[in-house]
$ cat entry_12.cif   # mmCIF, C-alpha atoms
data_my_file
#
loop_
_atom_site.group_PDB
_atom_site.id
_atom_site.type_symbol
_atom_site.label_atom_id
_atom_site.label_comp_id
_atom_site.auth_asym_id
_atom_site.auth_seq_id
_atom_site.Cartn_x
_atom_site.Cartn_y
_atom_site.Cartn_z
ATOM 1 C CA MET T 1 0.372 10.790 0.727
ATOM 2 C CA ASN T 2 -1.329 7.484 0.135
ATOM 3 C CA TYR T 3 -1.818 5.334 -2.984
ATOM 4 C CA LEU T 4 -4.166 7.528 -4.998
ATOM 5 C CA ALA T 5 -2.110 10.703 -4.661
ATOM 6 C CA HIS T 6 1.150 8.987 -5.563
ATOM 7 C CA LEU T 7 -0.460 7.483 -8.639
ATOM 8 C CA LEU T 8 -1.895 10.796 -9.809
ATOM 9 C CA LEU T 9 1.466 12.488 -9.269
ATOM 10 C CA ALA T 10 3.263 9.953 -11.485
ATOM 11 C CA ASP T 11 3.559 11.014 -15.123
ATOM 12 C CA GLY T 12 0.886 8.553 -16.248
ATOM 13 C CA SER T 13 2.870 5.979 -18.214
ATOM 14 C CA PRO T 14 2.329 2.360 -17.136
ATOM 15 C CA GLN T 15 5.852 2.030 -15.715
ATOM 16 C CA THR T 16 5.680 5.270 -13.730
ATOM 17 C CA LEU T 17 2.241 4.375 -12.392
ATOM 18 C CA VAL T 18 3.680 1.126 -11.065
ATOM 19 C CA GLY T 19 6.763 2.898 -9.728
ATOM 20 C CA GLY T 20 4.601 5.538 -8.075
ATOM 21 C CA LEU T 21 2.845 2.823 -6.102
ATOM 22 C CA LEU T 22 5.918 0.700 -5.386
ATOM 23 C CA GLY T 23 7.201 3.209 -2.843
ATOM 24 C CA ASP T 24 4.702 1.782 -0.352
ATOM 25 C CA PHE T 25 5.707 -1.819 -1.087
ATOM 26 C CA ALA T 26 9.436 -1.619 -1.881
ATOM 27 C CA LYS T 27 10.943 -2.764 1.413
ATOM 28 C CA GLY T 28 13.608 -5.297 0.461
ATOM 29 C CA LEU T 29 13.052 -4.772 -3.275
ATOM 30 C CA ASP T 30 16.153 -4.796 -5.491
ATOM 31 C CA LEU T 31 15.752 -1.449 -7.230
ATOM 32 C CA SER T 32 18.364 -2.333 -9.834
ATOM 33 C CA SER T 33 15.966 -5.003 -11.159
ATOM 34 C CA LEU T 34 13.398 -2.369 -12.129
ATOM 35 C CA PRO T 35 13.169 -0.545 -15.471
ATOM 36 C CA ALA T 36 14.649 2.953 -15.241
ATOM 37 C CA ALA T 37 11.299 4.786 -15.478
ATOM 38 C CA MET T 38 9.821 2.631 -12.719
ATOM 39 C CA ARG T 39 12.852 3.136 -10.493
ATOM 40 C CA GLU T 40 12.749 6.928 -11.028
ATOM 41 C CA ALA T 41 9.050 6.999 -10.136
ATOM 42 C CA LEU T 42 9.743 5.025 -6.960
ATOM 43 C CA LEU T 43 12.478 7.488 -5.996
ATOM 44 C CA ALA T 44 10.104 10.380 -6.756
ATOM 45 C CA HIS T 45 7.583 8.703 -4.430
ATOM 46 C CA ARG T 46 10.146 8.887 -1.631
ATOM 47 C CA ARG T 47 10.895 12.559 -2.340
ATOM 48 C CA ILE T 48 7.169 13.313 -2.340
ATOM 49 C CA ASP T 49 6.844 11.580 1.031
ATOM 50 C CA ALA T 50 9.729 13.637 2.446
ATOM 51 C CA PHE T 51 8.224 16.885 1.117
ATOM 52 C CA THR T 52 4.840 15.932 2.566
ATOM 53 C CA ASP T 53 6.203 14.945 5.979
ATOM 54 C CA ALA T 54 8.044 18.271 6.334
ATOM 55 C CA HIS T 55 5.209 20.514 5.131
ATOM 56 C CA GLU T 56 3.659 22.835 7.711
ATOM 57 C CA THR T 57 0.108 22.273 6.450
ATOM 58 C CA VAL T 58 0.478 18.508 6.783
ATOM 59 C CA ARG T 59 1.892 18.978 10.277
ATOM 60 C CA ARG T 60 -1.196 21.057 11.086
ATOM 61 C CA SER T 61 -3.412 18.207 9.831
ATOM 62 C CA ARG T 62 -1.524 15.731 11.987
ATOM 63 C CA ALA T 63 -2.034 18.006 14.981
ATOM 64 C CA ARG T 64 -5.797 17.804 14.362
ATOM 65 C CA ILE T 65 -5.688 14.087 15.205
ATOM 66 C CA SER T 66 -6.639 13.456 18.822
ATOM 67 C CA PRO T 67 -4.030 12.204 21.325
ATOM 68 C CA GLY T 68 -5.499 8.701 21.333
ATOM 69 C CA PHE T 69 -4.489 8.301 17.680
ATOM 70 C CA SER T 70 -1.466 10.627 17.551
ATOM 71 C CA ARG T 71 0.890 7.682 17.062
ATOM 72 C CA PHE T 72 -0.871 7.030 13.744
ATOM 73 C CA ALA T 73 -1.436 10.655 12.735
ATOM 74 C CA GLY T 74 0.804 10.421 9.661
ATOM 75 C CA ILE T 75 -0.918 7.300 8.364
ATOM 76 C CA LEU T 76 -4.362 8.728 9.038
ATOM 77 C CA VAL T 77 -3.667 12.033 7.317
ATOM 78 C CA ASP T 78 -2.290 10.190 4.272
ATOM 79 C CA VAL T 79 -5.485 8.127 3.976
ATOM 80 C CA PHE T 80 -7.749 11.101 4.697
ATOM 81 C CA TYR T 81 -5.994 13.200 2.055
ATOM 82 C CA ASP T 82 -6.618 10.444 -0.508
ATOM 83 C CA HIS T 83 -10.294 10.682 0.439
ATOM 84 C CA PHE T 84 -10.325 14.409 -0.282
ATOM 85 C CA LEU T 85 -8.456 13.844 -3.537
ATOM 86 C CA ALA T 86 -11.071 11.299 -4.640
ATOM 87 C CA VAL T 87 -13.975 13.538 -3.577
ATOM 88 C CA HIS T 88 -12.538 16.493 -5.511
ATOM 89 C CA TRP T 89 -10.960 14.426 -8.302
ATOM 90 C CA THR T 90 -12.312 16.537 -11.160
ATOM 91 C CA ALA T 91 -10.438 19.560 -9.796
ATOM 92 C CA TYR T 92 -7.152 17.720 -10.313
ATOM 93 C CA SER T 93 -7.670 15.481 -13.346
ATOM 94 C CA HIS T 94 -9.477 15.620 -16.681
ATOM 95 C CA GLU T 95 -9.711 11.816 -16.668
ATOM 96 C CA SER T 96 -12.530 10.322 -14.605
ATOM 97 C CA LEU T 97 -11.513 8.550 -11.419
ATOM 98 C CA GLY T 98 -13.037 5.325 -12.732
ATOM 99 C CA SER T 99 -11.036 5.461 -15.948
ATOM 100 C CA PHE T 100 -7.860 6.360 -14.082
ATOM 101 C CA SER T 101 -8.336 3.483 -11.629
ATOM 102 C CA ARG T 102 -8.851 0.975 -14.445
ATOM 103 C CA ARG T 103 -5.701 2.263 -16.167
ATOM 104 C CA VAL T 104 -3.698 1.816 -12.955
ATOM 105 C CA TYR T 105 -4.963 -1.741 -12.422
ATOM 106 C CA ALA T 106 -4.102 -2.580 -16.052
ATOM 107 C CA ALA T 107 -0.560 -1.183 -15.593
ATOM 108 C CA LEU T 108 -0.102 -3.250 -12.429
ATOM 109 C CA ARG T 109 -1.298 -6.420 -14.162
ATOM 110 C CA LEU T 110 0.993 -5.683 -17.127
ATOM 111 C CA HIS T 111 4.002 -5.524 -14.798
ATOM 112 C CA GLU T 112 2.838 -8.143 -12.306
ATOM 113 C CA ALA T 113 6.097 -10.118 -12.601
ATOM 114 C CA LEU T 114 7.987 -7.125 -11.161
ATOM 115 C CA LEU T 115 5.647 -6.512 -8.217
ATOM 116 C CA PRO T 116 6.757 -7.300 -4.665
ATOM 117 C CA ALA T 117 4.923 -10.336 -3.257
ATOM 118 C CA ARG T 118 2.691 -8.318 -0.922
ATOM 119 C CA LEU T 119 1.471 -6.049 -3.741
ATOM 120 C CA ALA T 120 0.975 -9.001 -6.101
ATOM 121 C CA ARG T 121 -1.113 -10.718 -3.393
ATOM 122 C CA VAL T 122 -3.413 -7.742 -2.815
ATOM 123 C CA LEU T 123 -3.734 -6.690 -6.458
ATOM 124 C CA PRO T 124 -6.732 -8.935 -7.286
ATOM 125 C CA ARG T 125 -8.628 -7.662 -4.233
ATOM 126 C CA MET T 126 -7.518 -4.062 -4.854
ATOM 127 C CA GLU T 127 -8.953 -4.230 -8.362
ATOM 128 C CA ALA T 128 -12.098 -6.220 -7.517
ATOM 129 C CA GLU T 129 -12.993 -3.851 -4.675
ATOM 130 C CA ASP T 130 -11.707 -0.767 -6.567
ATOM 131 C CA TRP T 131 -9.675 0.558 -3.700
ATOM 132 C CA LEU T 132 -8.628 3.639 -5.677
ATOM 133 C CA GLY T 133 -12.101 4.738 -6.760
ATOM 134 C CA GLY T 134 -13.464 3.752 -3.367
ATOM 135 C CA TYR T 135 -11.553 6.450 -1.516
ATOM 136 C CA ALA T 136 -14.401 8.855 -2.276
ATOM 137 C CA GLU T 137 -16.766 6.946 0.040
ATOM 138 C CA ILE T 138 -16.443 7.298 3.816
ATOM 139 C CA GLY T 139 -17.341 3.634 4.293
ATOM 140 C CA ASN T 140 -14.376 2.615 2.172
ATOM 141 C CA ILE T 141 -12.078 4.742 4.303
ATOM 142 C CA ALA T 142 -13.225 2.663 7.275
ATOM 143 C CA HIS T 143 -12.406 -0.461 5.247
ATOM 144 C CA ALA T 144 -8.939 0.925 4.410
ATOM 145 C CA LEU T 145 -8.276 1.605 8.093
ATOM 146 C CA GLU T 146 -9.341 -1.940 8.978
ATOM 147 C CA GLY T 147 -6.871 -3.250 6.406
ATOM 148 C CA LEU T 148 -4.090 -1.121 7.867
ATOM 149 C CA GLN T 149 -4.946 -2.350 11.353
ATOM 150 C CA ARG T 150 -4.613 -5.988 10.216
ATOM 151 C CA ARG T 151 -1.083 -5.260 8.959
ATOM 152 C CA MET T 152 0.093 -3.802 12.275
ATOM 153 C CA LYS T 153 2.409 -6.028 14.308
ATOM 154 C CA ARG T 154 0.800 -5.014 17.597
ATOM 155 C CA PRO T 155 -2.917 -4.689 18.297
ATOM 156 C CA THR T 156 -4.274 -1.195 17.591
ATOM 157 C CA ARG T 157 -7.579 0.635 17.439
ATOM 158 C CA LEU T 158 -6.788 2.050 14.015
ATOM 159 C CA ALA T 159 -10.037 0.757 12.519
ATOM 160 C CA SER T 160 -11.971 3.056 14.848
ATOM 161 C CA ALA T 161 -10.039 6.134 13.682
ATOM 162 C CA LEU T 162 -12.697 7.028 11.119
ATOM 163 C CA SER T 163 -14.082 9.209 13.916
ATOM 164 C CA GLU T 164 -11.002 11.416 13.444
ATOM 165 C CA LEU T 165 -11.963 12.118 9.845
ATOM 166 C CA GLU T 166 -15.573 12.784 10.771
ATOM 167 C CA ALA T 167 -14.690 15.074 13.688
ATOM 168 C CA GLY T 168 -12.076 17.092 11.826
ATOM 169 C CA TYR T 169 -13.539 16.890 8.332
ATOM 170 C CA ALA T 170 -13.795 20.620 7.522
ATOM 171 C CA GLY T 171 -10.324 21.510 8.805
ATOM 172 C CA LEU T 172 -8.675 18.515 7.186
ATOM 173 C CA ALA T 173 -10.402 19.275 3.872
ATOM 174 C CA GLN T 174 -9.182 22.867 4.060
ATOM 175 C CA ASP T 175 -5.624 21.708 4.784
ATOM 176 C CA PHE T 176 -5.727 19.318 1.826
ATOM 177 C CA ALA T 177 -7.010 22.032 -0.522
ATOM 178 C CA LEU T 178 -4.135 24.280 0.510
ATOM 179 C CA PHE T 179 -1.459 21.596 0.399
ATOM 180 C CA PHE T 180 -2.202 19.497 -2.681
ATOM 181 C CA PRO T 181 -1.572 22.188 -5.349
ATOM 182 C CA GLN T 182 1.835 22.823 -3.746
ATOM 183 C CA LEU T 183 2.575 19.113 -3.790
ATOM 184 C CA ARG T 184 1.618 18.883 -7.473
ATOM 185 C CA ARG T 185 4.042 21.686 -8.323
ATOM 186 C CA PHE T 186 6.759 19.887 -6.386
ATOM 187 C CA ALA T 187 6.033 16.614 -8.216
ATOM 188 C CA LEU T 188 6.020 18.330 -11.617
ATOM 189 C CA ASN T 189 9.447 19.802 -10.838
ATOM 190 C CA LEU T 190 10.710 16.280 -10.099
ATOM 191 C CA GLN T 191 9.592 15.201 -13.579
ATOM 192 C CA ALA T 192 11.113 18.198 -15.351
ATOM 193 C CA PRO T 193 14.367 17.529 -17.225
ATOM 194 C CA GLN T 194 17.292 18.565 -15.087
ATOM 195 C CA PRO T 195 19.836 20.983 -16.613
ATOM 196 C CA LEU T 196 23.197 19.461 -17.422
#
$ encode --input "entry_12.cif" --output "structure tokens"
Amino acid sequence: MNYLAHLLLADGSPQTLVGGLLGDFAKGLDLSSLPAAMREALLAHRRIDAFTDAHETVRRSRARISPGFSRFAGILVDVFYDHFLAVHWTAYSHESLGSFSRRVYAALRLHEALLPARLARVLPRMEAEDWLGGYAEIGNIAHALEGLQRRMKRPTRLASALSELEAGYAGLAQDFALFFPQLRRFALNLQAPQPL
């Protein structure tokens, strides 16, 4: 899953929102320096990624990606699923996507001193361009793919992979609708108090 899904799956407190996003930026981060709630949310992020990567429906979505982009199928499906989450947001949250996005940006600013350098650098642009709310628009998915392409060490054609979403839209949307409720149940179980 990509940013938006991880944020929605966090329990909603400012620290867990930040921790839910840190999983994508935590390489080299000293986890012991984080508040406990943030660290637990980061670890939940990793468990959610493992659950997602192993799920048969997600594997089916990855198989929908054409051979020319198969190397990036996991990344593409993560971004495409965030698009479907944003498009169908009201099915998964009582809070508007705009309000949720503003709350996330406020939580990130509140904890800016704890953010890894790369996240701190992109935060102003993320907020100004409303990356989270923007997932609902196809044009913003193209922009997200361009950003991912710029971060790749070797040249790629990732920015042109929007065609994969357009070509497989109905099947990918169906996969997401089947998968996301199962993922939410899994995430809720992670947040449940564990028996002693």
$ residues_near_point --input "entry_12.cif" --point "(-13.1, 1.3, 7.5)" --cutoff "12 Å" --atoms "only C-alpha atoms" --output "VMD selection string"
chain T and resid 76 79 to 80 131 134 to 135 137 to 150 157 to 165
$ resolve_selection --input "entry_12.cif" --expression "the PyMOL selection byres ((chain T and resi 27) around 12)" --output "count of residues only"
15
$ residues_around --input "entry_12.cif" --residues "Val77 of chain T" --least-positions-apart "2" --cutoff "8 Å" --atoms "all atoms listed in the file" --output "PyMOL selection string"
chain T and resi 1+58+61-62+73-75+79-81
$ resolve_selection --input "entry_12.cif" --expression "the PyMOL selection byres ((chain T and resi 105) around 12)" --output "PyMOL selection string"
chain T and resi 4+7+14-15+17-18+21+98-104+106-112+119-120+122-133
$ closest_residue --input "entry_12.cif" --among "T:Leu190, T:Glu166, T:Leu172, T:Ala91" --to "Ala63 of chain T" --atoms "only C-alpha atoms"
T:Leu172
$ residues_near_point --input "entry_12.cif" --point "(9.6, 2.3, -13.9)" --cutoff "6 Å" --atoms "all atoms listed in the file" --output "PDB file with C-alpha atoms, in the coordinates of the input"
ATOM      1  CA  GLN T  15       5.852   2.030 -15.715  1.00  0.00           C
ATOM      2  CA  THR T  16       5.680   5.270 -13.730  1.00  0.00           C
ATOM      3  CA  GLY T  19       6.763   2.898  -9.728  1.00  0.00           C
ATOM      4  CA  PRO T  35      13.169  -0.545 -15.471  1.00  0.00           C
ATOM      5  CA  ALA T  36      14.649   2.953 -15.241  1.00  0.00           C
ATOM      6  CA  ALA T  37      11.299   4.786 -15.478  1.00  0.00           C
ATOM      7  CA  MET T  38       9.821   2.631 -12.719  1.00  0.00           C
ATOM      8  CA  ARG T  39      12.852   3.136 -10.493  1.00  0.00           C
TER       9      ARG T  39
END
$ closest_residue --input "entry_12.cif" --among "T:Ala5, T:Ala170, T:Ala187, T:Ala44" --to "Ala86 of chain T" --atoms "all atoms listed in the file"
T:Ala5
$ atom_distance --input "entry_12.cif" --atom1 "atom CA of Ile48 of chain T" --atom2 "atom CA of Leu178 of chain T"
16.0 Å
$ closest_residue --input "entry_12.cif" --among "T:Arg185, T:Arg47, T:Arg64, T:His83" --to "Ala167 of chain T" --atoms "only C-alpha atoms"
T:Arg64
$ atom_distance --input "entry_12.cif" --atom1 "atom CA of Leu183 of chain T" --atom2 "atom CA of Asp49 of chain T"
9.9 Å
$ atom_distance --input "entry_12.cif" --atom1 "atom CA of Phe179 of chain T" --atom2 "atom CA of Thr57 of chain T"
6.3 Å
$ closest_residue --input "entry_12.cif" --among "T:Ser93, T:Gln174, T:Asn189, T:Gln182" --to "Gly12 of chain T" --atoms "all atoms listed in the file"
T:Ser93
$ closest_residue --input "entry_12.cif" --among "T:Gly168, T:Pro181, T:Tyr3, T:Glu40" --to "Tyr92 of chain T" --atoms "all atoms listed in the file"
T:Pro181
$ build_atoms --input "entry_12.cif" --residues "segment 101-117 of chain T" --atoms "N, CA and C atoms" --output "compact mmCIF listing (two decimals), keeping the file's coordinate frame"
# COMPACT_ATOMS: atom_id res chain seq x y z
N SER T 101 -8.51 4.69 -12.44
CA SER T 101 -8.34 3.48 -11.63
C SER T 101 -8.15 2.26 -12.51
N ARG T 102 -8.98 2.13 -13.54
CA ARG T 102 -8.85 0.98 -14.44
C ARG T 102 -7.49 0.97 -15.15
N ARG T 103 -7.00 2.15 -15.51
CA ARG T 103 -5.70 2.26 -16.17
C ARG T 103 -4.57 1.85 -15.22
N VAL T 104 -4.70 2.22 -13.95
CA VAL T 104 -3.70 1.82 -12.96
C VAL T 104 -3.70 0.30 -12.78
N TYR T 105 -4.89 -0.29 -12.62
CA TYR T 105 -4.96 -1.74 -12.42
C TYR T 105 -4.39 -2.47 -13.64
N ALA T 106 -4.64 -1.96 -14.84
CA ALA T 106 -4.10 -2.58 -16.05
C ALA T 106 -2.57 -2.49 -16.06
N ALA T 107 -2.02 -1.35 -15.64
CA ALA T 107 -0.56 -1.18 -15.59
C ALA T 107 0.05 -2.15 -14.58
N LEU T 108 -0.61 -2.33 -13.44
CA LEU T 108 -0.10 -3.25 -12.43
C LEU T 108 -0.13 -4.69 -12.94
N ARG T 109 -1.21 -5.06 -13.60
CA ARG T 109 -1.30 -6.42 -14.16
C ARG T 109 -0.23 -6.62 -15.24
N LEU T 110 0.00 -5.61 -16.06
CA LEU T 110 0.99 -5.68 -17.13
C LEU T 110 2.39 -5.95 -16.57
N HIS T 111 2.68 -5.40 -15.41
CA HIS T 111 4.00 -5.52 -14.80
C HIS T 111 3.98 -6.42 -13.56
N GLU T 112 3.03 -7.32 -13.50
CA GLU T 112 2.84 -8.14 -12.31
C GLU T 112 4.10 -8.92 -11.91
N ALA T 113 4.88 -9.35 -12.89
CA ALA T 113 6.10 -10.12 -12.60
C ALA T 113 7.12 -9.31 -11.81
N LEU T 114 7.03 -7.99 -11.87
CA LEU T 114 7.99 -7.12 -11.16
C LEU T 114 7.49 -6.70 -9.78
N LEU T 115 6.23 -7.00 -9.46
CA LEU T 115 5.65 -6.51 -8.22
C LEU T 115 6.18 -7.28 -7.02
N PRO T 116 6.43 -6.59 -5.90
CA PRO T 116 6.76 -7.30 -4.66
C PRO T 116 5.60 -8.24 -4.29
N ALA T 117 5.91 -9.30 -3.57
CA ALA T 117 4.92 -10.34 -3.26
C ALA T 117 3.67 -9.77 -2.59
